[in-house]
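Enquirer: A single structure is presented below for examination.
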Amino acid sequence: MSDKPTTEQSSYYDDLEHMKVSDLLRNINNEDKKVSLAVERCLPQIEPLVERIIEKFELGGRLFYIGAGTSGRLGVLDASECPPTFGVPDDWVIGLIAGGDGALRKAVENAEDNTTQAWKDLEEYKINSNDVLIGIAASGSTPYVIGGLKDANKNNVITGCLTCNLNTKLAEVSKYPIEVVVGSEFVTGSTRMKSGTAQKLVLNMITTSVMIRLGKVKGNRMVDMQLSNDKLVKRGTFMIANELNIDPKEANRLLLKYKSVRKAVENYNKRIH
């Protein structure tokens, strides 16, 4: 048994450069199939963290993500998708990456090794005990993330983490650790692959579940989504027409008038009742 963390253990495959494209694709896909099962095993870890996030949001709190590299980018991605999807303010879910926004496109040297910078970054948003902080690091050893969670604990901020190894320093300093162990990567150590996919799945679960419980979804529809392009206007029109059983032209008129699927439906129902 290797002493290396799971994310650093050697791939089950070798001589990758000699594989045909069809074999590369098939083998990557075979490894990816393991990810959802690994996430399923972690549902008991994810649930209590989601429950606490909901509690804090109901008290006016926020959700913060911190991470470096791929992990940081995935946190920023999930945070940035919440306002257009659920119609919530930009400061409900906030993603921070080591090295700042410039690190989203280009790696910033040594940014993830700074143990004190995360808390400085969080303090700019006046993070407080009403908030929740989730540290994301496939390795579970990123100093930027570990330092941020340590400081958050000292300041009575609820902490969670998302890692792809067991028994990590990150999990040790997290009140609600989530450890999604997906096994070695197809390309050894390339945690942008299975680990990154697992992280994306879990982050989707967390924010989607939270927003549903906060009433940002009705039935199965995004009734508070931002109408930022023609596709979303068409989707909103269909939703209103389907919900109210009215002509699409009338549905579109209501949508453009009230700028929201929810408000259009509510005002229509008020009018006829």
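The chains in the structure tokens are called A, B, ... from first to last as shown; in each chain the residues are counted from 1, and the ligands are counted from 1 in the order shown.
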DSSP on the backbone: what in region 101-263 of chain A comes out helix (DSSP H, G or I), as number ranges by chain?
Expert: A: 101-104, 111-113, 117-123, 143-154, 169-172, 194-213, 230-244, 248-258, 261-263
Enquirer: Can you spit out the residues from that selection as a short mmCIF file (atom, residue, chain, number, x, y, z; two decimals), in the first residue's frame, using C-alpha atoms?
Expert:
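For reference, selection-v2.cif as written:
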data_model
loop_
_atom_site.label_atom_id
_atom_site.label_comp_id
_atom_site.auth_asym_id
_atom_site.auth_seq_id
_atom_site.Cartn_x
_atom_site.Cartn_y
_atom_site.Cartn_z
CA ASP A 101 -9.14 36.83 -9.67
CA GLY A 102 -6.10 36.86 -11.92
CA ALA A 103 -5.46 33.26 -10.82
CA LEU A 104 -8.68 32.18 -12.54
CA ALA A 111 -0.14 31.92 -3.79
CA GLU A 112 -1.47 28.69 -2.32
CA ASP A 113 1.45 28.42 0.12
CA GLN A 117 -3.72 35.45 3.10
CA ALA A 118 -7.07 33.63 3.04
CA TRP A 119 -8.30 35.31 6.21
CA LYS A 120 -7.15 38.70 4.89
CA ASP A 121 -9.14 38.03 1.73
CA LEU A 122 -12.19 37.01 3.77
CA GLU A 123 -11.96 40.03 6.05
CA PRO A 143 -1.76 26.00 3.24
CA TYR A 144 -3.93 28.89 1.97
CA VAL A 145 -7.09 26.89 2.61
CA ILE A 146 -6.02 25.32 5.91
CA GLY A 147 -4.93 28.71 7.26
CA GLY A 148 -8.26 30.23 6.28
CA LEU A 149 -10.25 27.56 8.10
CA LYS A 150 -8.08 27.81 11.20
CA ASP A 151 -8.69 31.55 11.39
CA ALA A 152 -12.39 31.07 10.73
CA ASN A 153 -12.63 28.63 13.63
CA LYS A 154 -11.00 31.19 15.91
CA LYS A 169 -4.97 18.43 7.75
CA LEU A 170 -7.83 20.25 6.07
CA ALA A 171 -10.43 17.80 7.38
CA GLU A 172 -8.82 18.00 10.81
CA LYS A 194 -11.83 12.94 -11.31
CA SER A 195 -11.22 15.04 -8.21
CA GLY A 196 -12.36 18.19 -9.97
CA THR A 197 -15.46 16.42 -11.27
CA ALA A 198 -16.30 15.21 -7.78
CA GLN A 199 -15.87 18.70 -6.36
CA LYS A 200 -18.15 20.17 -9.04
CA LEU A 201 -20.84 17.58 -8.28
CA VAL A 202 -20.73 18.28 -4.54
CA LEU A 203 -20.75 22.06 -4.96
CA ASN A 204 -23.76 21.74 -7.28
CA MET A 205 -25.50 19.66 -4.62
CA ILE A 206 -24.77 22.12 -1.83
CA THR A 207 -25.94 25.35 -3.43
CA THR A 208 -28.85 23.81 -5.33
CA SER A 209 -30.19 22.13 -2.18
CA VAL A 210 -29.75 25.31 -0.16
CA MET A 211 -31.52 27.48 -2.73
CA ILE A 212 -34.40 25.02 -3.09
CA ARG A 213 -34.92 24.98 0.67
CA ASP A 230 -33.06 35.54 -25.21
CA LYS A 231 -32.80 31.87 -24.28
CA LEU A 232 -33.75 32.60 -20.68
CA VAL A 233 -36.60 34.89 -21.72
CA LYS A 234 -37.97 32.07 -23.89
CA ARG A 235 -37.58 29.61 -21.03
CA GLY A 236 -39.36 31.99 -18.65
CA THR A 237 -42.15 32.53 -21.15
CA PHE A 238 -42.69 28.79 -21.46
CA MET A 239 -42.70 28.40 -17.68
CA ILE A 240 -45.38 31.06 -17.25
CA ALA A 241 -47.51 29.74 -20.10
CA ASN A 242 -47.30 26.22 -18.69
CA GLU A 243 -48.00 27.27 -15.10
CA LEU A 244 -50.96 29.52 -15.91
CA PRO A 248 -47.32 32.17 -24.92
CA LYS A 249 -47.78 35.73 -26.23
CA GLU A 250 -49.63 36.69 -23.05
CA ALA A 251 -47.02 34.86 -20.98
CA ASN A 252 -44.24 36.80 -22.68
CA ARG A 253 -46.04 40.09 -22.10
CA LEU A 254 -46.33 39.29 -18.39
CA LEU A 255 -42.69 38.29 -18.16
CA LEU A 256 -41.46 41.46 -19.81
CA LYS A 257 -43.73 43.53 -17.58
CA TYR A 258 -42.78 41.98 -14.25
CA VAL A 261 -41.36 34.38 -13.61
CA ARG A 262 -42.41 34.36 -9.97
CA LYS A 263 -43.75 37.92 -10.01
#
Enquirer: Can you check which residues of region 32-244 of chain A DSSP gives as strand (DSSP E) on the backbone and send them as a list of chain:residue names?
Expert: A:Leu63, A:Phe64, A:Tyr65, A:Ile66, A:Gly67, A:Val93, A:Ile94, A:Gly95, A:Leu96, A:Ile97, A:Val132, A:Leu133, A:Ile134, A:Gly135, A:Ile136, A:Ile158, A:Thr159, A:Gly160, A:Cys161, A:Leu162, A:Thr163, A:Tyr176, A:Pro177, A:Ile178, A:Glu179
Enquirer: Each residue of region 219-244 of chain A lying at most 7 Å from region 80-85 of chain A should get a row with its shortest atom-to-atom pair and the distance in Å to one decimal, counting only C-alpha atoms; could you produce that, ordered by chain and increasing number, as CSV?
Expert:
residue,atom,partner,partner_atom,distance
A:Met222,CA,A:Thr85,CA,6.7
A:Met225,CA,A:Thr85,CA,4.7
A:Gln226,CA,A:Pro84,CA,4.8
Enquirer: For the selection you just gave me, I'd like the residues written to a file as a short mmCIF file (atom, residue, chain, number, x, y, z; two decimals), in the first residue's frame, keeping N, CA and C atoms.
Expert:
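The file below, again38.cif, is the result:
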data_model
loop_
_atom_site.label_atom_id
_atom_site.label_comp_id
_atom_site.auth_asym_id
_atom_site.auth_seq_id
_atom_site.Cartn_x
_atom_site.Cartn_y
_atom_site.Cartn_z
N MET A 222 -36.80 27.27 -12.13
CA MET A 222 -36.01 28.39 -11.60
C MET A 222 -36.82 29.68 -11.73
N MET A 225 -34.83 33.10 -11.76
CA MET A 225 -33.64 33.25 -12.60
C MET A 225 -33.59 34.63 -13.23
N GLN A 226 -32.37 35.11 -13.48
CA GLN A 226 -32.18 36.40 -14.15
C GLN A 226 -32.44 36.24 -15.65
#
Enquirer: Kindly give the distance, in Å, that separates CA of Gly135 (chain A) and CA of Val187 (chain A), rounded to a single decimal.
Expert: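 Separation between CA of Gly135 (chain A) and CA of Val187 (chain A): 24.4 Å.
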Enquirer: Using only C-alpha atoms, which protein or nucleic acid residues come within 9 Å of region 41-47 of chain A? Drop anything in the same chain fewer than 4 positions from it, and give the result as a count of residues only.
Expert: 12
Enquirer: Could you check how far CA of Leu96 (chain A) sits from CA of Gly75 (chain A), in Å to one decimal?
Expert: 7.2 Å
